[in-house]
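*Asks:* Here you go, structure-v9.txt (compact mmCIF, C-alpha atoms):
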# COMPACT_ATOMS: atom_id res chain seq x y z
CA MET F 1 -10.86 16.59 -4.08
CA THR F 2 -7.12 15.82 -4.06
CA VAL F 3 -6.19 12.36 -2.86
CA ALA F 4 -3.74 11.67 -0.04
CA VAL F 5 -2.77 8.00 0.09
CA LEU F 6 -1.48 7.09 3.52
CA VAL F 7 0.50 3.85 3.66
CA TYR F 8 0.82 1.92 6.91
CA GLY F 9 1.93 -1.56 7.79
CA PRO F 10 4.22 -3.38 10.20
CA ALA F 11 7.93 -2.99 9.57
CA SER F 12 9.06 -5.24 6.68
CA ALA F 13 5.50 -5.74 5.40
CA GLY F 14 6.11 -4.09 2.03
CA ASN F 15 5.54 -0.41 2.80
CA HIS F 16 8.47 0.81 0.67
CA LEU F 17 7.38 -1.38 -2.24
CA THR F 18 3.85 0.01 -1.96
CA LYS F 19 5.15 3.59 -1.99
CA ARG F 20 7.26 2.81 -5.08
CA VAL F 21 4.10 1.57 -6.80
CA LEU F 22 2.21 4.72 -5.77
CA ALA F 23 5.03 6.89 -7.14
CA LYS F 24 4.64 5.13 -10.51
CA LEU F 25 0.90 5.85 -10.30
CA GLY F 26 1.68 9.57 -10.02
CA CYS F 27 1.64 10.26 -6.27
CA ARG F 28 4.10 12.83 -4.93
CA GLY F 29 6.05 11.94 -1.81
CA SER F 30 8.99 9.80 -0.82
CA ILE F 31 9.61 6.09 -0.55
CA LYS F 32 12.21 6.73 2.15
CA ASP F 33 11.73 6.45 5.90
CA LYS F 34 11.95 10.22 6.34
CA GLN F 35 8.94 11.73 4.61
CA PRO F 36 8.81 15.30 3.26
CA PHE F 37 5.30 15.60 4.68
CA ASP F 38 6.34 14.65 8.23
CA ARG F 39 6.85 18.37 8.88
CA GLY F 40 3.45 19.29 7.49
CA LEU F 41 1.28 18.76 4.47
CA PRO F 42 0.90 21.31 1.70
CA ASN F 43 -2.59 22.62 1.09
CA ALA F 44 -4.46 20.21 -1.16
CA LEU F 45 -5.28 22.98 -3.62
CA ASN F 46 -1.59 23.33 -4.51
CA THR F 47 -0.76 19.72 -5.30
CA GLY F 48 -1.86 16.59 -7.10
CA PRO F 49 -2.20 13.23 -5.36
CA ILE F 50 0.30 12.61 -2.59
CA MET F 51 1.50 9.60 -0.64
CA TRP F 52 2.59 9.66 2.94
CA GLY F 53 3.19 6.92 5.43
CA HIS F 54 5.65 4.61 7.02
CA SER F 55 6.22 1.40 8.83
CA VAL F 56 4.71 1.09 12.27
CA PRO F 57 6.93 1.46 14.21
CA SER F 58 9.28 3.62 12.17
CA ASN F 59 12.73 4.45 13.52
CA ASP F 60 11.67 3.01 16.89
CA LYS F 61 8.76 5.47 17.06
CA TRP F 62 5.12 4.39 17.32
CA SER F 63 3.26 7.05 15.37
CA ASP F 64 -0.28 8.28 15.90
CA VAL F 65 -1.83 6.99 12.68
CA GLY F 66 -5.22 8.54 13.45
CA ALA F 67 -3.71 12.00 13.90
CA GLU F 68 -1.84 11.70 10.60
CA ILE F 69 -5.03 10.74 8.75
CA VAL F 70 -6.94 13.61 10.38
CA SER F 71 -4.11 15.97 9.39
CA ALA F 72 -4.53 14.95 5.74
CA ALA F 73 -8.30 15.47 5.89
CA SER F 74 -7.89 18.81 7.69
CA ASN F 75 -5.55 20.03 4.94
CA GLY F 76 -8.22 19.45 2.29
CA TYR F 77 -7.25 15.99 1.10
CA SER F 78 -9.51 13.02 0.52
CA PRO F 79 -7.71 10.43 2.65
CA TRP F 80 -7.21 6.87 1.48
CA VAL F 81 -5.39 4.47 3.76
CA ILE F 82 -3.56 1.45 2.42
CA VAL F 83 -2.92 -1.12 5.14
CA VAL F 84 -0.04 -3.28 3.94
CA THR F 85 0.01 -6.90 5.07
CA ARG F 86 2.49 -9.73 4.54
CA GLY F 87 2.77 -13.28 5.74
CA MET F 88 3.92 -13.41 9.36
CA TYR F 89 6.96 -15.65 8.88
CA PRO F 90 8.62 -13.64 6.05
CA THR F 91 7.88 -10.40 7.93
CA ILE F 92 9.55 -11.72 11.07
CA CYS F 93 12.56 -13.01 9.10
CA SER F 94 12.95 -9.68 7.31
CA GLN F 95 12.79 -7.76 10.59
CA LEU F 96 15.44 -10.01 12.12
CA LYS F 97 17.70 -9.76 9.08
CA ARG F 98 17.50 -5.95 9.21
CA GLU F 99 18.12 -6.04 12.97
CA ARG F 100 14.91 -4.18 13.74
CA VAL F 101 14.17 -6.52 16.64
CA PRO F 102 16.33 -8.82 18.78
CA ASN F 103 14.25 -12.00 18.44
CA ARG F 104 11.21 -13.65 16.81
CA HIS F 105 8.96 -13.14 19.81
CA GLU F 106 9.52 -9.40 19.86
CA ALA F 107 9.01 -9.26 16.09
CA ALA F 108 5.68 -11.08 16.37
CA SER F 109 4.61 -8.84 19.25
CA ASP F 110 5.52 -5.70 17.27
CA ILE F 111 3.55 -6.92 14.24
CA VAL F 112 0.43 -7.49 16.32
CA ARG F 113 0.81 -4.13 18.08
CA ALA F 114 1.37 -2.36 14.76
CA MET F 115 -1.82 -3.77 13.25
CA GLN F 116 -3.78 -2.84 16.38
CA LEU F 117 -2.49 0.74 16.32
CA ILE F 118 -3.12 1.10 12.60
CA MET F 119 -6.71 -0.15 12.83
CA GLU F 120 -7.44 1.92 15.95
CA GLY F 121 -6.06 5.01 14.19
CA VAL F 122 -8.13 4.39 11.07
CA GLY F 123 -11.20 3.88 13.26
CA ARG F 124 -10.66 7.12 15.21
CA ALA F 125 -10.07 9.13 12.03
CA SER F 126 -13.13 7.57 10.38
CA ASP F 127 -15.30 8.81 13.22
CA ALA F 128 -14.60 12.41 12.16
CA HIS F 129 -13.79 12.16 8.44
CA LYS F 130 -14.60 10.06 5.40
CA VAL F 131 -11.63 7.69 5.26
CA ARG F 132 -11.47 4.99 2.62
CA THR F 133 -9.32 1.98 3.39
CA LEU F 134 -7.73 -0.71 1.24
CA PHE F 135 -5.84 -3.76 2.42
CA LEU F 136 -2.89 -4.61 0.20
CA SER F 137 -1.21 -7.97 0.54
CA TYR F 138 2.47 -8.12 -0.31
CA GLU F 139 1.89 -11.61 -1.68
CA GLU F 140 -0.92 -10.49 -4.00
CA LEU F 141 1.11 -7.51 -5.23
CA THR F 142 4.24 -9.54 -5.96
CA THR F 143 2.50 -12.49 -7.63
CA ARG F 144 0.00 -10.42 -9.68
CA PRO F 145 1.63 -6.96 -10.10
CA VAL F 146 -0.24 -6.00 -13.28
CA ALA F 147 -3.69 -6.87 -11.95
CA VAL F 148 -3.05 -5.39 -8.50
CA THR F 149 -1.54 -2.12 -9.77
CA LYS F 150 -4.47 -1.71 -12.19
CA TRP F 151 -6.86 -2.28 -9.29
CA LEU F 152 -5.05 0.29 -7.14
CA ALA F 153 -5.12 2.84 -9.95
CA GLU F 154 -8.86 2.31 -10.45
CA GLU F 155 -9.68 2.48 -6.73
CA LEU F 156 -7.58 5.61 -6.16
CA ASP F 157 -8.66 7.22 -9.45
CA LEU F 158 -5.07 7.48 -10.66
CA ASP F 159 -3.62 6.92 -14.12
CA TRP F 160 -2.16 3.46 -14.74
CA PRO F 161 1.09 3.84 -16.74
CA GLY F 162 1.20 0.28 -18.11
CA ALA F 163 2.71 -3.02 -17.03
CA GLU F 164 6.29 -2.07 -17.92
CA ALA F 165 6.30 0.57 -15.14
CA PHE F 166 6.11 -2.17 -12.50
CA GLY F 167 8.99 -4.42 -13.56
CA PHE F 168 10.66 -3.79 -10.19
CA VAL F 169 7.89 -5.64 -8.31
CA GLU F 170 9.19 -9.06 -7.29
CA ASP F 171 8.48 -11.61 -4.59
CA ARG F 172 11.22 -11.85 -1.99
CA ASN F 173 9.41 -14.16 0.42
CA GLY F 174 10.97 -17.35 -0.94
CA LYS F 175 14.43 -16.53 0.35
CA HIS F 176 13.17 -16.53 3.94
CA TRP F 177 11.68 -20.01 3.61
CA GLU F 178 14.75 -21.36 1.81
CA GLU F 179 17.26 -19.93 4.30
CA GLU F 180 15.52 -21.48 7.28
CA ARG F 181 14.86 -24.94 5.89
So, in terms of C-alpha cells, how does the structure I just supplied come out?
*Replies:*
Amino acid sequence: MTVAVLVYGPASAGNHLTKRVLAKLGCRGSIKDKQPFDRGLPNALNTGPIMWGHSVPSNDKWSDVGAEIVSAASNGYSPWVIVVTRGMYPTICSQLKRERVPNRHEAASDIVRAMQLIMEGVGRASDAHKVRTLFLSYEELTTRPVAVTKWLAEELDLDWPGAEAFGFVEDRNGKHWEEER
C-alpha cells in the first residue's frame, strides 16, 4: 500500500524541516505552507509515497487533522503521522520572531492547543483506520541527523539516500537562548 506521511506540529516546531527530510527520502509533496494536496489527494494507485501536512495552526487556520488523515486513508493510502515536537522556549521565541503571535502567553497557549488538536485528530482517525504515528523531536533530528533520518527511512519503508543528503539539517535552537540571555 502506498504511504502518505502526514506531518503535524505546532507552528515553529520544525514542520518545514521535517518535510525537507521527507522529500530527500523520496516523498512527493511540498515543504511550503500551501500544499498541492490541500485541494485533494491523488488516488494512491497513481503515485509513490507522498507527504502532506502543516503547522497547527497554519495561516491562522486550525485544521481538522483527523479529517485529513481519514482523507488519506479513504484515498487508498497507508497513513503515517509524524507529530513534530520542539522545546517550548525555542518554539515560543521562533513564533514571536516570525510575528505569528503577539506575546509569549498566546504562543504557549497555541502550542498546547495545537498538540491537543493533533492528538485528538490522530485518535479519531485511528478509531476508523490503521494509523501509525511517530513522534519526531526537532532536537533529536538536528543533533543526530544521520541516525534519525535512517530511523525514519526504516520506519516508513523508504530508501535512505545517504548522510550527504541531509547536510541542510542544523540546530537553530541556540540562537534563541543566546539572544535572550
*Asks:* Residues of segment 62-112 of chain F that approach segment 35-57 of chain F to 7 Å or less, counting all atoms listed in the file: could you list each one with the shortest pair of atoms and its distance in Å to one decimal, rows by chain and increasing residue number, as a Markdown table?
*Replies:*
| residue | atom | partner | partner_atom | distance |
| --- | --- | --- | --- | --- |
| F:Trp62 | CA | F:Pro57 | CA | 4.6 |
| F:Ser63 | CA | F:Pro57 | CA | 6.8 |
| F:Asn75 | CA | F:Asn43 | CA | 5.5 |
| F:Gly76 | CA | F:Ala44 | CA | 5.2 |
| F:Tyr77 | CA | F:Ala44 | CA | 5.5 |
*Asks:* Take every atom of segment 77-87 of chain F listed in the file, fit an axis-aligned box around them, add 3 Å per side, and give the centre and edge lengths in Å to one decimal as lines of an AutoDock Vina configuration file.
*Replies:*
center_x = -3.4
center_y = 1.4
center_z = 3.1
size_x = 18.3
size_y = 35.3
size_z = 11.2
*Asks:* Counting all atoms listed in the file, which of F:Ala11, F:Ala147, F:Ala114, F:Ala163 gets nearest to Arg98 of chain F?
*Replies:* F:Ala11
*Asks:* Using only C-alpha atoms for the distances, tell me which of F:Asp60, F:Asp157, F:Glu178, F:Asp33 is nearest to Arg100 of chain F.
*Replies:*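 Ranking F:Asp60, F:Asp157, F:Glu178, F:Asp33 by distance to Arg100 of chain F, first place goes to F:Asp60.
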*Asks:* Which value, in Å to one decimal, gives the distance between atom CA of Gln95 of chain F and atom CA of Gly123 of chain F?
*Replies:*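 Answer for the atom CA of Gln95 of chain F to atom CA of Gly123 of chain F separation: 26.8 Å.
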*Asks:* Glu139 of chain F: which residues within 8 Å, counting all atoms listed in the file, same-chain residues fewer than 3 positions away excluded, as a ChimeraX atom specification?
*Replies:* /F:86-87,142-143,171
*Asks:* Quick one: residues within 10 Å of Leu22 of chain F, only C-alpha atoms, excluding same-chain residues fewer than 3 positions away - as number ranges by chain?
*Replies:* F: 5, 7, 16-19, 25-31, 49-51, 149, 152-153, 156, 158
*Asks:* Would you mind reading off the distance between atom CA of Gly66 of chain F and atom CA of Ala125 of chain F, one decimal, in Å?
*Replies:*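 Atom CA of Ala125 of chain F lies 5.1 Å from atom CA of Gly66 of chain F.
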*Asks:* So that I can see what lies close to Leu134 of chain F, please list as a PyMOL selection string the residues with an atom at most 7 Å from it, counting all atoms listed in the file and leaving out residues fewer than 3 positions away in the same chain.
*Replies:* chain F and resi 81-83
*Asks:* Please produce a file of those selected residues containing C-alpha atoms, as a compact mmCIF listing (two decimals), in the frame of the given file.
*Replies:*
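The resulting file, selection_14.txt, is reproduced below:
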# COMPACT_ATOMS: atom_id res chain seq x y z
CA VAL F 81 -5.39 4.47 3.76
CA ILE F 82 -3.56 1.45 2.42
CA VAL F 83 -2.92 -1.12 5.14
